[in-house]
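Everything below concerns the one structure shown next.
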Amino acid sequence: MNPRLRLAVNNAKAESLPKDVIDRAIKKSQMGDAADYAEIRYEGVAAGGVGIIVEVLTDNRNRAAANVRSYFTKLGGNMGATGSVTFNFDHVGQIGYPAKAASEDEMMEAAIEAGADDVESDMSDEGEGHTVYTAFESLNEVAAALEARFGPASNTKIAWRPKMQVPVTGDSVTTLMKLLDMLNDDDDVQNVYSNEEISDEDLAKLG
């Protein structure tokens, strides 16, 4: 194993970090010794007053900042200073399971017993299944308890969860979706979090 890769994995495991952090450590180690990759968080406000948090992994800070800023500017948003948006979010542990892993009641009971804070279940055909939220420092403990009962999770990560959602309607919905798509399509962008609330009617108009 490449020494840099081994060091990245060992350091991540030694700190008992969640799987997504370990995966990022491996990814960075595989990007070559010449590049110095940095994790950066950008914050901004989009059309309709929606707060957006953008997590980036890049070897070029200037490029990443310029790209993210340009996306906001093109679609009626504004970049903000650090902390300008995150105060409206909680930094939490997040564990995902497909709907078939358990019923809503089973997942809720198991999650609460394991020490989770909340569970959201979307059991529709196109739904995301179960999303379990934990305190930042409890993620690994809760994930291990749920894995013992339901098997490996589909994802385990640290995330930003909105404390409140901002209603978005009309043309602002289309503009916001374009911005989120542009951010997610950028090679440097790892995660995008936002706090919009869109009605089923407006979502249907998007097709």
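Here's how to read the names in the structure tokens: chain A, B, ... by the order shown, residue numbers from 1 in each chain, ligand numbers from 1 in the order shown.
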
**Request:** For segment 44-48 of chain A, work out the shell of residues within 6 Å, counting only C-alpha atoms and skipping chain neighbours fewer than 5 positions away, then give it as an MDAnalysis selection string.
**Result:** chainID A and resid 76:80 168 172 176

Could those residues be written to a file, using N, CA and C atoms, as a short mmCIF file (atom, residue, chain, number, x, y, z; two decimals), in the first residue's frame?
```cif
data_model
loop_
_atom_site.label_atom_id
_atom_site.label_comp_id
_atom_site.auth_asym_id
_atom_site.auth_seq_id
_atom_site.Cartn_x
_atom_site.Cartn_y
_atom_site.Cartn_z
N GLY A 76 -28.48 34.98 -9.13
CA GLY A 76 -29.15 35.87 -8.19
C GLY A 76 -28.85 35.65 -6.73
N GLY A 77 -27.74 34.99 -6.43
CA GLY A 77 -27.38 34.75 -5.04
C GLY A 77 -26.18 35.57 -4.62
N ASN A 78 -25.77 35.41 -3.38
CA ASN A 78 -24.61 36.13 -2.86
C ASN A 78 -23.81 35.23 -1.94
N MET A 79 -22.49 35.27 -2.08
CA MET A 79 -21.61 34.58 -1.15
C MET A 79 -21.58 35.35 0.16
N GLY A 80 -21.46 34.61 1.27
CA GLY A 80 -21.39 35.25 2.57
C GLY A 80 -20.13 34.88 3.31
N VAL A 168 -39.99 28.53 -0.76
CA VAL A 168 -39.60 29.08 -2.05
C VAL A 168 -40.70 28.75 -3.05
N SER A 172 -38.52 31.52 -8.41
CA SER A 172 -37.36 31.32 -7.53
C SER A 172 -37.01 29.84 -7.40
N LEU A 176 -33.29 28.51 -8.09
CA LEU A 176 -32.59 27.81 -7.02
C LEU A 176 -32.12 26.44 -7.48
#
```

**Message:** Could you pull out the alpha helix (DSSP H) residues of segment 63-200 of chain A, going by DSSP on the backbone, and write them as number ranges by chain?
**Reply:** A: 63-74, 104-114, 139-150, 171-185, 200

**Prompt:** Hey, can you check how far atom CA of Ser199 of chain A sits from atom CA of Lys178 of chain A?
**Reply:** 17.0 Å

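Nearest to Pro167 of chain A of all the residues A:Ala99, A:Leu203, A:Val142, A:Ile198 is A:Ile198, counting only C-alpha atoms.
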
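Straight-line separation from atom CA of Trp160 of chain A to atom CA of Glu201 of chain A: 26.3 Å.
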
Backbone DSSP call of strand (DSSP E or B) for segment 5-207 of chain A, listed as an mmCIF file with N, CA and C atoms, in the first residue's frame:
```cif
data_model
loop_
_atom_site.group_PDB
_atom_site.id
_atom_site.type_symbol
_atom_site.label_atom_id
_atom_site.label_comp_id
_atom_site.auth_asym_id
_atom_site.auth_seq_id
_atom_site.Cartn_x
_atom_site.Cartn_y
_atom_site.Cartn_z
ATOM 1 N N ALA A 38 -7.108 20.850 -0.102
ATOM 2 C CA ALA A 38 -7.662 21.484 1.092
ATOM 3 C C ALA A 38 -9.176 21.328 1.103
ATOM 4 N N GLU A 39 -9.723 21.154 2.307
ATOM 5 C CA GLU A 39 -11.167 21.133 2.488
ATOM 6 C C GLU A 39 -11.619 22.533 2.902
ATOM 7 N N ILE A 40 -12.569 23.086 2.177
ATOM 8 C CA ILE A 40 -13.025 24.456 2.398
ATOM 9 C C ILE A 40 -14.551 24.473 2.433
ATOM 10 N N ARG A 41 -15.097 25.321 3.285
ATOM 11 C CA ARG A 41 -16.551 25.493 3.340
ATOM 12 C C ARG A 41 -16.907 26.903 2.891
ATOM 13 N N TYR A 42 -17.828 26.995 1.945
ATOM 14 C CA TYR A 42 -18.345 28.284 1.503
ATOM 15 C C TYR A 42 -19.811 28.380 1.913
ATOM 16 N N GLU A 43 -20.257 29.605 2.154
ATOM 17 C CA GLU A 43 -21.634 29.839 2.557
ATOM 18 C C GLU A 43 -22.212 30.960 1.712
ATOM 19 N N GLY A 44 -23.490 30.853 1.414
ATOM 20 C CA GLY A 44 -24.131 31.892 0.619
ATOM 21 C C GLY A 44 -25.637 31.834 0.714
ATOM 22 N N VAL A 45 -26.279 32.856 0.156
ATOM 23 C CA VAL A 45 -27.737 32.941 0.148
ATOM 24 C C VAL A 45 -28.201 32.973 -1.299
ATOM 25 N N GLY A 51 -30.535 29.540 2.417
ATOM 26 C CA GLY A 51 -29.141 29.417 2.818
ATOM 27 C C GLY A 51 -28.516 28.176 2.215
ATOM 28 N N ILE A 52 -27.281 28.301 1.749
ATOM 29 C CA ILE A 52 -26.584 27.176 1.117
ATOM 30 C C ILE A 52 -25.183 27.044 1.709
ATOM 31 N N ILE A 53 -24.816 25.817 2.050
ATOM 32 C CA ILE A 53 -23.476 25.497 2.517
ATOM 33 C C ILE A 53 -22.823 24.597 1.470
ATOM 34 N N VAL A 54 -21.634 24.958 1.038
ATOM 35 C CA VAL A 54 -20.916 24.208 0.003
ATOM 36 C C VAL A 54 -19.594 23.716 0.569
ATOM 37 N N GLU A 55 -19.398 22.403 0.587
ATOM 38 C CA GLU A 55 -18.139 21.814 1.052
ATOM 39 C C GLU A 55 -17.310 21.395 -0.149
ATOM 40 N N VAL A 56 -16.058 21.857 -0.159
ATOM 41 C CA VAL A 56 -15.183 21.693 -1.317
ATOM 42 C C VAL A 56 -13.910 20.968 -0.917
ATOM 43 N N LEU A 57 -13.408 20.138 -1.810
ATOM 44 C CA LEU A 57 -12.084 19.528 -1.687
ATOM 45 C C LEU A 57 -11.314 19.908 -2.941
ATOM 46 N N THR A 58 -10.260 20.735 -2.806
ATOM 47 C CA THR A 58 -9.621 21.289 -3.993
ATOM 48 C C THR A 58 -8.111 21.431 -3.835
ATOM 49 N N ASN A 78 -25.773 35.411 -3.382
ATOM 50 C CA ASN A 78 -24.613 36.132 -2.861
ATOM 51 C C ASN A 78 -23.810 35.231 -1.939
ATOM 52 N N MET A 79 -22.494 35.274 -2.079
ATOM 53 C CA MET A 79 -21.609 34.581 -1.145
ATOM 54 C C MET A 79 -21.584 35.347 0.165
ATOM 55 N N GLY A 80 -21.456 34.611 1.272
ATOM 56 C CA GLY A 80 -21.394 35.252 2.573
ATOM 57 C C GLY A 80 -20.131 34.879 3.314
ATOM 58 N N PHE A 89 -28.127 26.131 10.718
ATOM 59 C CA PHE A 89 -28.005 24.689 10.543
ATOM 60 C C PHE A 89 -27.382 24.068 11.798
ATOM 61 N N ASP A 90 -27.660 22.794 12.010
ATOM 62 C CA ASP A 90 -26.978 22.016 13.045
ATOM 63 C C ASP A 90 -25.981 21.080 12.379
ATOM 64 N N HIS A 91 -24.777 20.972 12.947
ATOM 65 C CA HIS A 91 -23.767 20.045 12.440
ATOM 66 C C HIS A 91 -23.995 18.700 13.124
ATOM 67 N N VAL A 92 -24.450 17.718 12.370
ATOM 68 C CA VAL A 92 -24.949 16.478 12.964
ATOM 69 C C VAL A 92 -24.364 15.247 12.277
ATOM 70 N N GLY A 93 -24.557 14.102 12.931
ATOM 71 C CA GLY A 93 -24.282 12.828 12.288
ATOM 72 C C GLY A 93 -25.524 12.397 11.522
ATOM 73 N N GLN A 94 -25.310 11.768 10.370
ATOM 74 C CA GLN A 94 -26.438 11.343 9.539
ATOM 75 C C GLN A 94 -26.196 9.919 9.047
ATOM 76 N N ILE A 95 -27.189 9.063 9.221
ATOM 77 C CA ILE A 95 -27.095 7.656 8.835
ATOM 78 C C ILE A 95 -28.275 7.326 7.946
ATOM 79 N N GLY A 96 -28.025 6.756 6.782
ATOM 80 C CA GLY A 96 -29.095 6.438 5.847
ATOM 81 C C GLY A 96 -29.307 4.950 5.683
ATOM 82 N N TYR A 97 -30.565 4.539 5.618
ATOM 83 C CA TYR A 97 -30.945 3.156 5.342
ATOM 84 C C TYR A 97 -32.057 3.138 4.301
ATOM 85 N N ASP A 118 -33.171 11.874 16.133
ATOM 86 C CA ASP A 118 -34.368 11.974 15.311
ATOM 87 C C ASP A 118 -34.262 11.018 14.131
ATOM 88 N N VAL A 119 -35.427 10.673 13.558
ATOM 89 C CA VAL A 119 -35.475 9.829 12.364
ATOM 90 C C VAL A 119 -36.508 10.408 11.407
ATOM 91 N N GLU A 120 -36.146 10.511 10.140
ATOM 92 C CA GLU A 120 -37.093 10.883 9.098
ATOM 93 C C GLU A 120 -37.198 9.720 8.131
ATOM 94 N N SER A 121 -38.419 9.253 7.870
ATOM 95 C CA SER A 121 -38.617 8.109 6.977
ATOM 96 C C SER A 121 -39.502 8.504 5.807
ATOM 97 N N ASP A 122 -39.013 8.232 4.599
ATOM 98 C CA ASP A 122 -39.778 8.452 3.378
ATOM 99 C C ASP A 122 -39.893 7.101 2.694
ATOM 100 N N GLY A 129 -35.926 6.614 1.935
ATOM 101 C CA GLY A 129 -35.883 5.634 3.008
ATOM 102 C C GLY A 129 -35.758 6.298 4.364
ATOM 103 N N HIS A 130 -34.899 5.748 5.208
ATOM 104 C CA HIS A 130 -34.747 6.250 6.573
ATOM 105 C C HIS A 130 -33.486 7.107 6.692
ATOM 106 N N THR A 131 -33.627 8.261 7.310
ATOM 107 C CA THR A 131 -32.485 9.113 7.625
ATOM 108 C C THR A 131 -32.458 9.322 9.133
ATOM 109 N N VAL A 132 -31.397 8.843 9.757
ATOM 110 C CA VAL A 132 -31.251 8.928 11.212
ATOM 111 C C VAL A 132 -30.276 10.051 11.534
ATOM 112 N N TYR A 133 -30.675 10.930 12.465
ATOM 113 C CA TYR A 133 -29.820 12.040 12.861
ATOM 114 C C TYR A 133 -29.312 11.832 14.286
ATOM 115 N N THR A 134 -28.039 12.119 14.486
ATOM 116 C CA THR A 134 -27.422 11.965 15.799
ATOM 117 C C THR A 134 -26.619 13.219 16.142
ATOM 118 N N ALA A 135 -26.241 13.325 17.408
ATOM 119 C CA ALA A 135 -25.277 14.352 17.774
ATOM 120 C C ALA A 135 -23.958 14.049 17.062
ATOM 121 N N ASN A 155 -25.320 4.952 3.895
ATOM 122 C CA ASN A 155 -24.360 6.044 4.040
ATOM 123 C C ASN A 155 -24.281 6.460 5.500
ATOM 124 N N THR A 156 -23.103 6.898 5.896
ATOM 125 C CA THR A 156 -22.852 7.401 7.249
ATOM 126 C C THR A 156 -21.934 8.609 7.113
ATOM 127 N N LYS A 157 -22.382 9.760 7.581
ATOM 128 C CA LYS A 157 -21.579 10.958 7.362
ATOM 129 C C LYS A 157 -21.916 12.059 8.354
ATOM 130 N N ILE A 158 -21.055 13.060 8.374
ATOM 131 C CA ILE A 158 -21.319 14.296 9.092
ATOM 132 C C ILE A 158 -22.016 15.241 8.114
ATOM 133 N N ALA A 159 -23.093 15.880 8.545
ATOM 134 C CA ALA A 159 -23.872 16.711 7.638
ATOM 135 C C ALA A 159 -24.347 17.976 8.330
ATOM 136 N N TRP A 160 -24.902 18.880 7.531
ATOM 137 C CA TRP A 160 -25.520 20.107 8.044
ATOM 138 C C TRP A 160 -27.020 19.970 7.879
ATOM 139 N N ARG A 161 -27.759 20.046 9.003
ATOM 140 C CA ARG A 161 -29.212 19.891 8.971
ATOM 141 C C ARG A 161 -29.875 21.231 9.286
ATOM 142 N N PRO A 162 -30.786 21.685 8.420
ATOM 143 C CA PRO A 162 -31.431 22.988 8.659
ATOM 144 C C PRO A 162 -32.233 23.004 9.958
ATOM 145 N N VAL A 166 -36.898 27.519 4.499
ATOM 146 C CA VAL A 166 -37.346 28.761 3.873
ATOM 147 C C VAL A 166 -38.266 28.422 2.691
ATOM 148 N N PRO A 167 -39.526 28.853 2.736
ATOM 149 C CA PRO A 167 -40.444 28.579 1.619
ATOM 150 C C PRO A 167 -39.971 29.280 0.339
ATOM 151 N N VAL A 168 -39.987 28.531 -0.761
ATOM 152 C CA VAL A 168 -39.601 29.079 -2.055
ATOM 153 C C VAL A 168 -40.705 28.748 -3.050
ATOM 154 N N VAL A 189 -16.589 20.347 -5.735
ATOM 155 C CA VAL A 189 -17.633 20.340 -4.712
ATOM 156 C C VAL A 189 -17.929 18.917 -4.255
ATOM 157 N N GLN A 190 -17.894 18.723 -2.934
ATOM 158 C CA GLN A 190 -18.156 17.414 -2.343
ATOM 159 C C GLN A 190 -19.588 17.289 -1.826
ATOM 160 N N ASN A 191 -20.080 18.319 -1.157
ATOM 161 C CA ASN A 191 -21.421 18.288 -0.580
ATOM 162 C C ASN A 191 -22.063 19.666 -0.664
ATOM 163 N N VAL A 192 -23.375 19.682 -0.862
ATOM 164 C CA VAL A 192 -24.148 20.922 -0.873
ATOM 165 C C VAL A 192 -25.357 20.734 0.041
ATOM 166 N N TYR A 193 -25.542 21.671 0.964
ATOM 167 C CA TYR A 193 -26.677 21.624 1.892
ATOM 168 C C TYR A 193 -27.469 22.921 1.763
ATOM 169 N N SER A 194 -28.794 22.816 1.779
ATOM 170 C CA SER A 194 -29.632 23.999 1.646
ATOM 171 C C SER A 194 -30.909 23.823 2.463
ATOM 172 N N GLU A 196 -34.221 25.011 1.686
ATOM 173 C CA GLU A 196 -35.448 25.395 1.007
ATOM 174 C C GLU A 196 -36.621 24.467 1.358
ATOM 175 N N GLU A 197 -37.818 25.015 1.249
ATOM 176 C CA GLU A 197 -39.051 24.234 1.357
ATOM 177 C C GLU A 197 -39.870 24.529 0.108
ATOM 178 N N ILE A 198 -40.102 23.497 -0.704
ATOM 179 C CA ILE A 198 -40.794 23.672 -1.982
ATOM 180 C C ILE A 198 -42.051 22.820 -1.978
#
```

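If you look at atom CA of Asp36 of chain A and atom CA of Arg61 of chain A, they are 10.1 Å away from each other.
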